[in-house]
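J.: Sending over upload_31.cif (mmCIF, C-alpha atoms).
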```
data_model
#
loop_
_atom_site.label_atom_id
_atom_site.label_comp_id
_atom_site.auth_asym_id
_atom_site.auth_seq_id
_atom_site.Cartn_x
_atom_site.Cartn_y
_atom_site.Cartn_z
CA MET Q 880 -63.09 -57.80 29.47
CA LYS Q 881 -61.77 -61.16 28.44
CA THR Q 882 -58.75 -62.16 30.51
CA ASN Q 883 -56.20 -64.83 29.80
CA GLN Q 884 -54.47 -67.38 31.99
CA GLN Q 885 -51.45 -65.79 33.65
CA GLN Q 886 -48.00 -67.02 32.61
CA HIS Q 887 -45.80 -66.32 35.66
CA THR Q 888 -43.42 -69.26 35.36
CA GLN Q 889 -41.36 -69.94 32.30
CA GLY Q 890 -38.93 -72.82 31.88
CA ARG Q 891 -35.47 -71.73 30.85
CA LEU Q 892 -32.51 -73.97 30.09
CA GLY Q 893 -29.34 -73.12 31.94
CA ILE Q 894 -30.89 -71.65 35.12
CA SER Q 895 -29.66 -73.40 38.23
CA ALA Q 896 -32.04 -74.48 40.97
CA GLY Q 897 -30.69 -71.70 43.18
CA ALA Q 898 -31.30 -69.09 40.49
CA ALA Q 899 -34.81 -70.41 39.96
CA VAL Q 900 -35.56 -70.02 43.67
CA LEU Q 901 -34.13 -66.49 43.54
CA LEU Q 902 -36.35 -65.63 40.58
CA VAL Q 903 -39.50 -66.88 42.30
CA SER Q 904 -38.60 -64.88 45.41
CA LEU Q 905 -37.97 -61.79 43.30
CA LEU Q 906 -41.36 -62.10 41.64
CA ILE Q 907 -43.03 -62.17 45.04
CA ALA Q 908 -40.97 -59.24 46.28
CA GLY Q 909 -41.48 -57.30 43.05
CA CYS Q 910 -45.20 -58.08 43.15
CA GLY Q 911 -47.89 -56.67 40.94
CA GLY Q 912 -49.25 -58.23 37.79
CA GLY Q 913 -51.52 -56.58 35.31
CA GLY Q 914 -53.88 -54.81 37.69
CA GLY Q 915 -54.32 -53.65 41.26
CA THR Q 916 -51.68 -51.97 43.38
CA PRO Q 917 -48.14 -53.32 42.84
CA GLY Q 918 -48.04 -54.43 46.48
CA ALA Q 919 -51.08 -56.66 46.11
CA VAL Q 920 -49.08 -59.89 46.48
CA ASN Q 921 -47.38 -59.15 49.79
CA GLY Q 922 -49.49 -56.24 51.02
CA VAL Q 923 -46.64 -53.71 50.78
CA VAL Q 924 -46.62 -50.90 48.24
CA PRO Q 925 -43.00 -50.02 47.37
CA SER Q 926 -41.93 -46.63 48.72
CA VAL Q 927 -40.54 -44.54 45.88
CA THR Q 928 -39.51 -40.93 45.27
CA PRO Q 929 -41.56 -38.95 42.72
CA PHE Q 930 -39.45 -38.52 39.58
CA THR Q 931 -40.26 -37.83 35.92
CA GLY Q 932 -36.78 -38.51 34.55
CA ASN Q 933 -37.21 -42.24 33.92
CA SER Q 934 -37.62 -43.32 30.30
CA TYR Q 935 -38.98 -46.34 28.45
CA SER Q 936 -38.91 -45.93 24.67
CA VAL Q 937 -40.39 -48.58 22.39
CA THR Q 938 -38.34 -48.91 19.20
CA THR Q 939 -40.12 -51.89 17.59
CA ASP Q 940 -43.64 -53.19 18.17
CA ASN Q 941 -45.50 -55.21 15.55
CA TYR Q 942 -48.01 -56.49 18.12
CA GLY Q 943 -49.69 -53.28 19.30
CA MET Q 944 -48.79 -52.53 22.92
CA THR Q 945 -50.56 -49.87 24.98
CA ASN Q 946 -48.52 -46.72 25.62
CA PRO Q 947 -47.61 -46.56 29.34
CA ASN Q 948 -48.19 -43.30 31.18
CA TYR Q 949 -46.31 -44.17 34.39
CA LEU Q 950 -42.81 -45.58 35.06
CA ALA Q 951 -41.41 -47.00 38.29
CA ALA Q 952 -38.30 -48.76 39.59
CA SER Q 953 -38.41 -50.52 42.97
CA THR Q 954 -35.74 -52.52 44.78
CA SER Q 955 -35.41 -55.18 47.44
CA THR Q 956 -32.54 -57.30 48.72
CA LEU Q 957 -33.32 -59.68 45.86
CA GLY Q 958 -33.06 -57.26 42.96
CA VAL Q 959 -34.86 -54.63 40.91
CA VAL Q 960 -38.30 -54.45 39.29
CA LEU Q 961 -38.83 -51.99 36.42
CA ARG Q 962 -42.43 -51.25 35.49
CA SER Q 963 -44.14 -49.39 32.67
CA ALA Q 964 -47.79 -49.01 33.54
CA LEU Q 965 -51.13 -47.27 33.31
CA ALA Q 966 -51.40 -45.54 36.68
CA THR Q 967 -51.29 -42.27 38.58
CA SER Q 968 -49.15 -43.55 41.48
CA MET Q 969 -47.75 -46.74 42.97
CA SER Q 970 -50.79 -46.91 45.25
CA ASP Q 971 -53.30 -46.41 42.44
CA PRO Q 972 -56.02 -49.08 43.01
CA ASP Q 973 -56.38 -49.34 39.23
CA PHE Q 974 -52.63 -49.83 38.64
CA LYS Q 975 -52.19 -51.78 35.38
CA THR Q 976 -48.82 -53.11 34.29
CA VAL Q 977 -47.94 -52.79 30.61
CA SER Q 978 -44.48 -54.36 30.80
CA ARG Q 979 -42.25 -55.46 33.65
CA ILE Q 980 -38.58 -56.43 33.90
CA ASP Q 981 -37.55 -58.44 36.96
CA ILE Q 982 -33.77 -58.26 37.45
CA PRO Q 983 -31.95 -60.31 40.12
CA ALA Q 984 -29.32 -58.40 42.08
CA GLY Q 985 -26.41 -60.40 40.63
CA VAL Q 986 -26.82 -59.21 37.04
CA ALA Q 987 -23.62 -57.76 35.56
CA ALA Q 988 -23.45 -53.96 35.37
CA HIS Q 989 -22.39 -54.22 31.72
CA GLY Q 990 -23.56 -57.35 29.96
CA SER Q 991 -25.88 -59.04 27.50
CA TYR Q 992 -28.20 -62.00 28.01
CA SER Q 993 -30.52 -64.13 25.93
CA LEU Q 994 -34.27 -64.22 26.57
CA GLY Q 995 -36.64 -67.15 26.41
CA SER Q 996 -35.04 -70.49 25.65
CA GLY Q 997 -31.57 -68.99 25.43
CA GLY Q 998 -29.14 -68.41 22.60
CA SER Q 999 -25.87 -69.90 21.45
CA GLY Q 1000 -22.90 -68.41 23.27
CA THR Q 1001 -24.97 -65.93 25.29
CA PRO Q 1002 -25.86 -66.56 28.95
CA ALA Q 1003 -29.56 -66.85 29.73
CA PHE Q 1004 -31.10 -63.86 31.50
CA PRO Q 1005 -31.71 -64.93 35.13
CA GLY Q 1006 -34.68 -62.55 35.36
CA THR Q 1007 -37.82 -62.21 33.27
CA VAL Q 1008 -39.38 -59.73 30.83
CA TYR Q 1009 -43.19 -59.70 31.06
CA PHE Q 1010 -45.82 -58.10 28.81
CA PHE Q 1011 -49.21 -57.69 30.53
CA ASN Q 1012 -50.37 -54.84 28.28
CA GLY Q 1013 -52.72 -53.54 30.97
CA HIS Q 1014 -54.50 -56.85 31.55
CA GLN Q 1015 -54.81 -58.75 34.83
CA SER Q 1016 -53.05 -61.71 33.25
CA THR Q 1017 -51.39 -62.56 29.97
CA LEU Q 1018 -50.67 -65.27 27.45
CA LEU Q 1019 -47.94 -63.18 25.81
CA ARG Q 1020 -44.85 -65.28 26.46
CA THR Q 1021 -41.26 -64.18 25.89
CA VAL Q 1022 -39.71 -67.03 23.87
CA GLY Q 1023 -36.57 -65.43 22.47
CA GLY Q 1024 -34.51 -62.31 21.98
CA SER Q 1025 -31.92 -60.53 24.08
CA ILE Q 1026 -31.48 -57.93 26.81
CA SER Q 1027 -28.40 -55.86 27.57
CA PHE Q 1028 -27.37 -53.43 30.30
CA SER Q 1029 -25.05 -50.46 29.98
CA SER Q 1030 -25.41 -49.73 33.70
CA PHE Q 1031 -26.97 -51.64 36.57
CA GLY Q 1032 -27.05 -51.35 40.32
CA ALA Q 1033 -29.47 -52.84 42.84
CA ASN Q 1034 -29.23 -50.07 45.45
CA PRO Q 1035 -31.63 -47.13 45.87
CA GLY Q 1036 -30.54 -44.28 43.60
CA ASP Q 1037 -28.57 -46.53 41.23
CA ARG Q 1038 -29.28 -46.15 37.53
CA VAL Q 1039 -30.51 -49.09 35.44
CA THR Q 1040 -30.00 -48.50 31.73
CA GLY Q 1041 -30.21 -50.84 28.77
CA SER Q 1042 -32.36 -52.24 26.01
CA PHE Q 1043 -34.11 -55.42 24.95
CA SER Q 1044 -35.53 -57.02 21.84
CA ALA Q 1045 -38.04 -59.72 22.79
CA VAL Q 1046 -39.68 -62.32 20.58
CA VAL Q 1047 -43.15 -62.78 22.06
CA GLU Q 1048 -45.51 -65.68 21.37
CA ASP Q 1049 -49.24 -64.96 21.48
CA GLY Q 1050 -50.72 -67.84 23.47
CA SER Q 1051 -54.25 -66.67 22.68
CA ASP Q 1052 -53.71 -67.38 18.98
CA SER Q 1053 -55.60 -70.50 17.85
CA ALA Q 1054 -53.27 -71.05 14.88
CA THR Q 1055 -50.46 -73.62 14.76
CA PRO Q 1056 -47.77 -72.45 15.09
CA LYS Q 1057 -48.88 -69.52 17.21
CA ALA Q 1058 -48.11 -66.01 16.02
CA THR Q 1059 -44.95 -64.34 17.29
CA TYR Q 1060 -44.14 -60.65 17.45
CA THR Q 1061 -41.11 -58.50 18.19
CA ILE Q 1062 -41.22 -55.89 20.94
CA ALA Q 1063 -38.06 -53.86 21.50
CA ALA Q 1064 -37.37 -50.93 23.81
CA SER Q 1065 -34.64 -48.95 25.51
CA PHE Q 1066 -34.95 -48.05 29.20
CA ASP Q 1067 -33.31 -45.73 31.71
CA PHE Q 1068 -34.54 -45.81 35.33
CA VAL Q 1069 -33.29 -44.60 38.70
CA ASN Q 1070 -34.03 -47.10 41.47
CA GLU Q 1071 -36.68 -46.21 44.05
CA THR Q 1072 -38.27 -43.54 41.85
CA ALA Q 1073 -41.57 -43.36 39.99
CA GLY Q 1074 -43.53 -40.81 38.02
CA ALA Q 1075 -45.68 -39.93 35.05
CA VAL Q 1076 -44.53 -40.09 31.44
CA LEU Q 1077 -44.35 -36.54 30.08
CA PRO Q 1078 -45.82 -35.51 27.76
CA ALA Q 1079 -48.68 -37.93 28.35
CA PRO Q 1080 -48.96 -40.48 25.51
CA ALA Q 1081 -52.13 -41.11 23.53
CA ALA Q 1082 -54.54 -43.54 25.20
CA ALA Q 1083 -55.68 -46.71 23.45
CA SER Q 1084 -59.18 -45.22 23.22
CA ALA Q 1085 -57.91 -42.60 20.77
CA ALA Q 1086 -58.51 -45.12 17.97
CA ALA Q 1087 -62.15 -45.75 18.95
CA PRO Q 1088 -63.55 -43.51 16.17
CA SER Q 1089 -61.66 -45.57 13.56
CA TYR Q 1090 -63.08 -48.79 14.99
CA ASP Q 1091 -66.60 -47.34 15.11
CA ALA Q 1092 -66.42 -46.19 11.50
CA LYS Q 1093 -64.61 -49.10 9.87
CA CYS Q 1094 -65.03 -52.22 12.02
CA ALA Q 1095 -68.09 -52.02 14.27
CA ALA Q 1096 -70.65 -52.70 11.54
CA CYS Q 1097 -69.56 -56.36 11.45
CA HIS Q 1098 -67.32 -57.05 14.45
CA ALA Q 1099 -67.46 -56.91 18.25
CA LEU Q 1100 -64.67 -55.74 20.57
CA GLY Q 1101 -64.72 -57.18 24.08
CA SER Q 1102 -66.42 -54.97 26.66
CA TYR Q 1103 -66.19 -51.93 24.37
CA ASP Q 1104 -68.60 -53.34 21.78
CA SER Q 1105 -70.47 -56.53 22.63
CA THR Q 1106 -72.68 -56.58 19.53
CA THR Q 1107 -71.71 -58.38 16.35
CA GLN Q 1108 -73.22 -59.00 12.94
CA GLY Q 1109 -71.80 -62.48 12.55
CA ALA Q 1110 -68.11 -61.54 12.35
CA SER Q 1111 -65.49 -62.35 15.00
CA ASP Q 1112 -64.74 -60.47 18.21
CA LEU Q 1113 -61.51 -58.54 17.59
CA ALA Q 1114 -60.35 -58.41 21.22
CA LEU Q 1115 -56.62 -59.26 21.54
CA LYS Q 1116 -56.28 -59.57 17.76
CA GLY Q 1117 -54.47 -56.32 17.00
CA GLY Q 1118 -51.35 -58.10 15.83
CA LYS Q 1119 -53.36 -59.80 13.06
CA LEU Q 1120 -54.08 -56.49 11.33
CA THR Q 1121 -50.61 -56.28 9.79
CA SER Q 1122 -51.28 -59.33 7.60
CA GLN Q 1123 -54.66 -58.01 6.46
CA PHE Q 1124 -53.95 -54.35 5.78
CA GLY Q 1125 -51.28 -52.30 4.08
CA SER Q 1126 -51.01 -48.60 4.77
CA ASP Q 1127 -53.49 -46.69 2.55
CA LEU Q 1128 -54.29 -49.83 0.53
CA PRO Q 1129 -57.63 -51.67 0.37
CA GLY Q 1130 -57.51 -54.64 2.74
CA HIS Q 1131 -60.02 -56.85 4.53
CA GLN Q 1132 -63.51 -56.32 3.06
CA GLY Q 1133 -62.12 -53.47 0.95
CA VAL Q 1134 -61.49 -51.29 4.01
CA THR Q 1135 -58.61 -48.81 3.69
CA LEU Q 1136 -56.61 -47.74 6.75
CA SER Q 1137 -53.95 -45.05 6.99
CA GLN Q 1138 -50.74 -45.91 8.82
CA GLY Q 1139 -51.95 -43.93 11.82
CA GLU Q 1140 -55.30 -45.73 11.86
CA LEU Q 1141 -53.60 -49.11 11.52
CA SER Q 1142 -51.22 -48.46 14.41
CA GLY Q 1143 -53.96 -47.05 16.61
CA LEU Q 1144 -56.38 -49.91 15.93
CA LYS Q 1145 -53.75 -52.53 16.81
CA VAL Q 1146 -53.35 -50.90 20.22
CA LEU Q 1147 -57.11 -50.54 20.73
CA LEU Q 1148 -57.92 -54.16 19.84
CA ASN Q 1149 -55.22 -55.51 22.16
CA ALA Q 1150 -56.50 -53.36 25.04
CA TYR Q 1151 -59.74 -55.41 25.24
#
```
Once more with this new file: its structure as structure tokens, please.

T.:
Amino acid sequence: MKTNQQQHTQGRLGISAGAAVLLVSLLIAGCGGGGGTPGAVNGVVPSVTPFTGNSYSVTTDNYGMTNPNYLAASTSTLGVVLRSALATSMSDPDFKTVSRIDIPAGVAAHGSYSLGSGGSGTPAFPGTVYFFNGHQSTLLRTVGGSISFSSFGANPGDRVTGSFSAVVEDGSDSATPKATYTIAASFDFVNETAGAVLPAPAAASAAAPSYDAKCAACHALGSYDSTTQGASDLALKGGKLTSQFGSDLPGHQGVTLSQGELSGLKVLLNAY
């Protein structure tokens, strides 16, 4: 699998030096990137109560994110870390983060913040929203958008509820300017709990038959399909499909994709 350089530090105007130190400390305490157990950084796996009542619902995604099958909220004296992931438990050795929200303890219980470089009249979010999409590292960088909370507490058992709409830049894109996508979701977690998403969502591999039938003759796809007939490797290029295909209309090389095939292929390509 091709991995990208990890983007764990992002400059943000308006964050004080003290807040920046707090954020770095929170990242270490929150631990866990795209793969391995979430405690890999400091050797401690957060202790959480099994719970299937957490929710993370994607409302907009024109990139093609993997559907998480596991949700977790862990706390420390520094704040809260919300994770959507591909995992069976917090100690799963193959734990893969899909998205992660790091929230410092001082965030207002009811408030809105700007993401990325900030926005006029809205305070900058002192935490970070990450999109690993199941990879060990990522070049998906949050460059704009907003996040809001309708409830927030940093203690075990407190509920963290809100939503975000993030503008994400694809650092792996060779074009200038680089492609940007919108990923939006609502979330509702109880601190110090974790559990499976029920019912289990479709895996990225569900779209493999569509790739095999309509793409594999010319293209390669990372570790899934290493052979190519002269065309490009489609790994991490799921977001590009929107500009090349319309639902049920002939697109690239005359290939026609249904809306379901198009959505599934975007997720599959970005998983490799």

J.: Take the point (-24.6, -59.5, 41.2) as written in the file and pick out every residue within 12 Å of it, counting only C-alpha atoms; give the list as a list in words.

T.: Ala898, Thr956, Leu957, Gly958, Val959, Ile982, Pro983, Ala984, Gly985, Val986, Ala987, Ala988, His989, Gly990, Pro1005, Phe1031, Gly1032, Ala1033 and Asn1034 of chain Q

J.: Distance cut-off 12 Å, centre (-57.6, -51.3, 5.1) in file coordinates, counting only C-alpha atoms: which residues qualify? Return them as a list of chain:residue names.

T.: Q:Ser1089, Q:Tyr1090, Q:Lys1093, Q:Cys1094, Q:Leu1120, Q:Thr1121, Q:Ser1122, Q:Gln1123, Q:Phe1124, Q:Gly1125, Q:Ser1126, Q:Asp1127, Q:Leu1128, Q:Pro1129, Q:Gly1130, Q:His1131, Q:Gln1132, Q:Gly1133, Q:Val1134, Q:Thr1135, Q:Leu1136, Q:Ser1137, Q:Gln1138, Q:Gly1139, Q:Glu1140, Q:Leu1141, Q:Ser1142, Q:Leu1144

J.: Using only C-alpha atoms, please write the residues we just selected to a file, as a short mmCIF file (atom, residue, chain, number, x, y, z; two decimals), in the coordinates of the input.

T.:
```
data_model
loop_
_atom_site.label_atom_id
_atom_site.label_comp_id
_atom_site.auth_asym_id
_atom_site.auth_seq_id
_atom_site.Cartn_x
_atom_site.Cartn_y
_atom_site.Cartn_z
CA SER Q 1089 -61.66 -45.57 13.56
CA TYR Q 1090 -63.08 -48.79 14.99
CA LYS Q 1093 -64.61 -49.10 9.87
CA CYS Q 1094 -65.03 -52.22 12.02
CA LEU Q 1120 -54.08 -56.49 11.33
CA THR Q 1121 -50.61 -56.28 9.79
CA SER Q 1122 -51.28 -59.33 7.60
CA GLN Q 1123 -54.66 -58.01 6.46
CA PHE Q 1124 -53.95 -54.35 5.78
CA GLY Q 1125 -51.28 -52.30 4.08
CA SER Q 1126 -51.01 -48.60 4.77
CA ASP Q 1127 -53.49 -46.69 2.55
CA LEU Q 1128 -54.29 -49.83 0.53
CA PRO Q 1129 -57.63 -51.67 0.37
CA GLY Q 1130 -57.51 -54.64 2.74
CA HIS Q 1131 -60.02 -56.85 4.53
CA GLN Q 1132 -63.51 -56.32 3.06
CA GLY Q 1133 -62.12 -53.47 0.95
CA VAL Q 1134 -61.49 -51.29 4.01
CA THR Q 1135 -58.61 -48.81 3.69
CA LEU Q 1136 -56.61 -47.74 6.75
CA SER Q 1137 -53.95 -45.05 6.99
CA GLN Q 1138 -50.74 -45.91 8.82
CA GLY Q 1139 -51.95 -43.93 11.82
CA GLU Q 1140 -55.30 -45.73 11.86
CA LEU Q 1141 -53.60 -49.11 11.52
CA SER Q 1142 -51.22 -48.46 14.41
CA LEU Q 1144 -56.38 -49.91 15.93
#
```

J.: Determine the residue set returned by the PyMOL selection byres ((chain Q and resi 995) around 8) for the present structure, and present it as a count of residues only.

T.: 10

J.: Give me the result of the PyMOL selection byres ((chain Q and resi 1078) around 12) on this file, residue by residue, as a list in words.

T.: Thr931, Gly932, Ser934, Asn946, Pro947, Asn948, Tyr949, Gly1074, Ala1075, Val1076, Leu1077, Ala1079, Pro1080 and Ala1081 of chain Q

J.: Any chance you could work out the residue set of the PyMOL selection byres ((chain Q and resi 1113) around 8) here, as a list in words?

T.: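 That selection, the PyMOL selection byres ((chain Q and resi 1113) around 8), comes back as His1098, Ala1099, Leu1100, Gly1101, Ser1111, Asp1112, Ala1114, Leu1115, Lys1116, Gly1117 and Leu1148 of chain Q.
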
J.: Could you write those residues out with C-alpha atoms, as a PDB file, in the frame of the given file?

T.:
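File produced: again34.pdb:
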```pdb
ATOM      1  CA  HIS Q1098     -67.320 -57.050  14.450  1.00  0.00           C
ATOM      2  CA  ALA Q1099     -67.460 -56.910  18.250  1.00  0.00           C
ATOM      3  CA  LEU Q1100     -64.670 -55.740  20.570  1.00  0.00           C
ATOM      4  CA  GLY Q1101     -64.720 -57.180  24.080  1.00  0.00           C
ATOM      5  CA  SER Q1111     -65.490 -62.350  15.000  1.00  0.00           C
ATOM      6  CA  ASP Q1112     -64.740 -60.470  18.210  1.00  0.00           C
ATOM      7  CA  ALA Q1114     -60.350 -58.410  21.220  1.00  0.00           C
ATOM      8  CA  LEU Q1115     -56.620 -59.260  21.540  1.00  0.00           C
ATOM      9  CA  LYS Q1116     -56.280 -59.570  17.760  1.00  0.00           C
ATOM     10  CA  GLY Q1117     -54.470 -56.320  17.000  1.00  0.00           C
ATOM     11  CA  LEU Q1148     -57.920 -54.160  19.840  1.00  0.00           C
TER      12      LEU Q1148
END
```

J.: Please provide the set of residues having any atom within 10 Å of Thr967 (chain Q), restricted to only C-alpha atoms, with same-chain residues fewer than 2 positions apart removed, written as an MDAnalysis selection string.

T.: chainID Q and resid 948:950 964:965 969:974 1073:1075

J.: Between CA of Asp1049 (chain Q) and CA of Thr1061 (chain Q), what is the spacing in Å?

T.: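 Calculated distance between CA of Thr1061 (chain Q) and CA of Asp1049 (chain Q) is 10.9 Å.
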
J.: In Å to one decimal, how far is CA of Ser1084 (chain Q) from CA of Gly913 (chain Q)?

T.: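 Separation of CA of Gly913 (chain Q) and CA of Ser1084 (chain Q): 18.3 Å.
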
J.: Considering all atoms listed in the file, state which residue in the set Q:Ser968, Q:Thr1106, Q:Thr945, Q:Ser1065 is at the smallest distance from Thr928 (chain Q).

T.: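 Checking each of Q:Ser968, Q:Thr1106, Q:Thr945, Q:Ser1065 against Thr928 (chain Q), counting all atoms listed in the file, the winner is Q:Ser968.
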
J.: Looking at Q:Ala966, Q:Val1039, Q:Val937, Q:Met944, which one is nearest to Leu1147 (chain Q), with distances taken over only C-alpha atoms?

T.: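 Under the stated criterion, the closest residue is Q:Met944.
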
J.: What is the CA of Ser991 (chain Q)-CA of Thr939 (chain Q) distance in Å, reported with one decimal?

T.: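 So the two atoms, CA of Ser991 (chain Q) and CA of Thr939 (chain Q), lie 18.8 Å apart.
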
J.: Rank Q:Thr1072, Q:Ser1030, Q:Thr954, Q:Ser978 by their smallest atom-to-atom distance to Tyr1009 (chain Q), using only C-alpha atoms, and report the top residue only.

T.: Q:Ser978
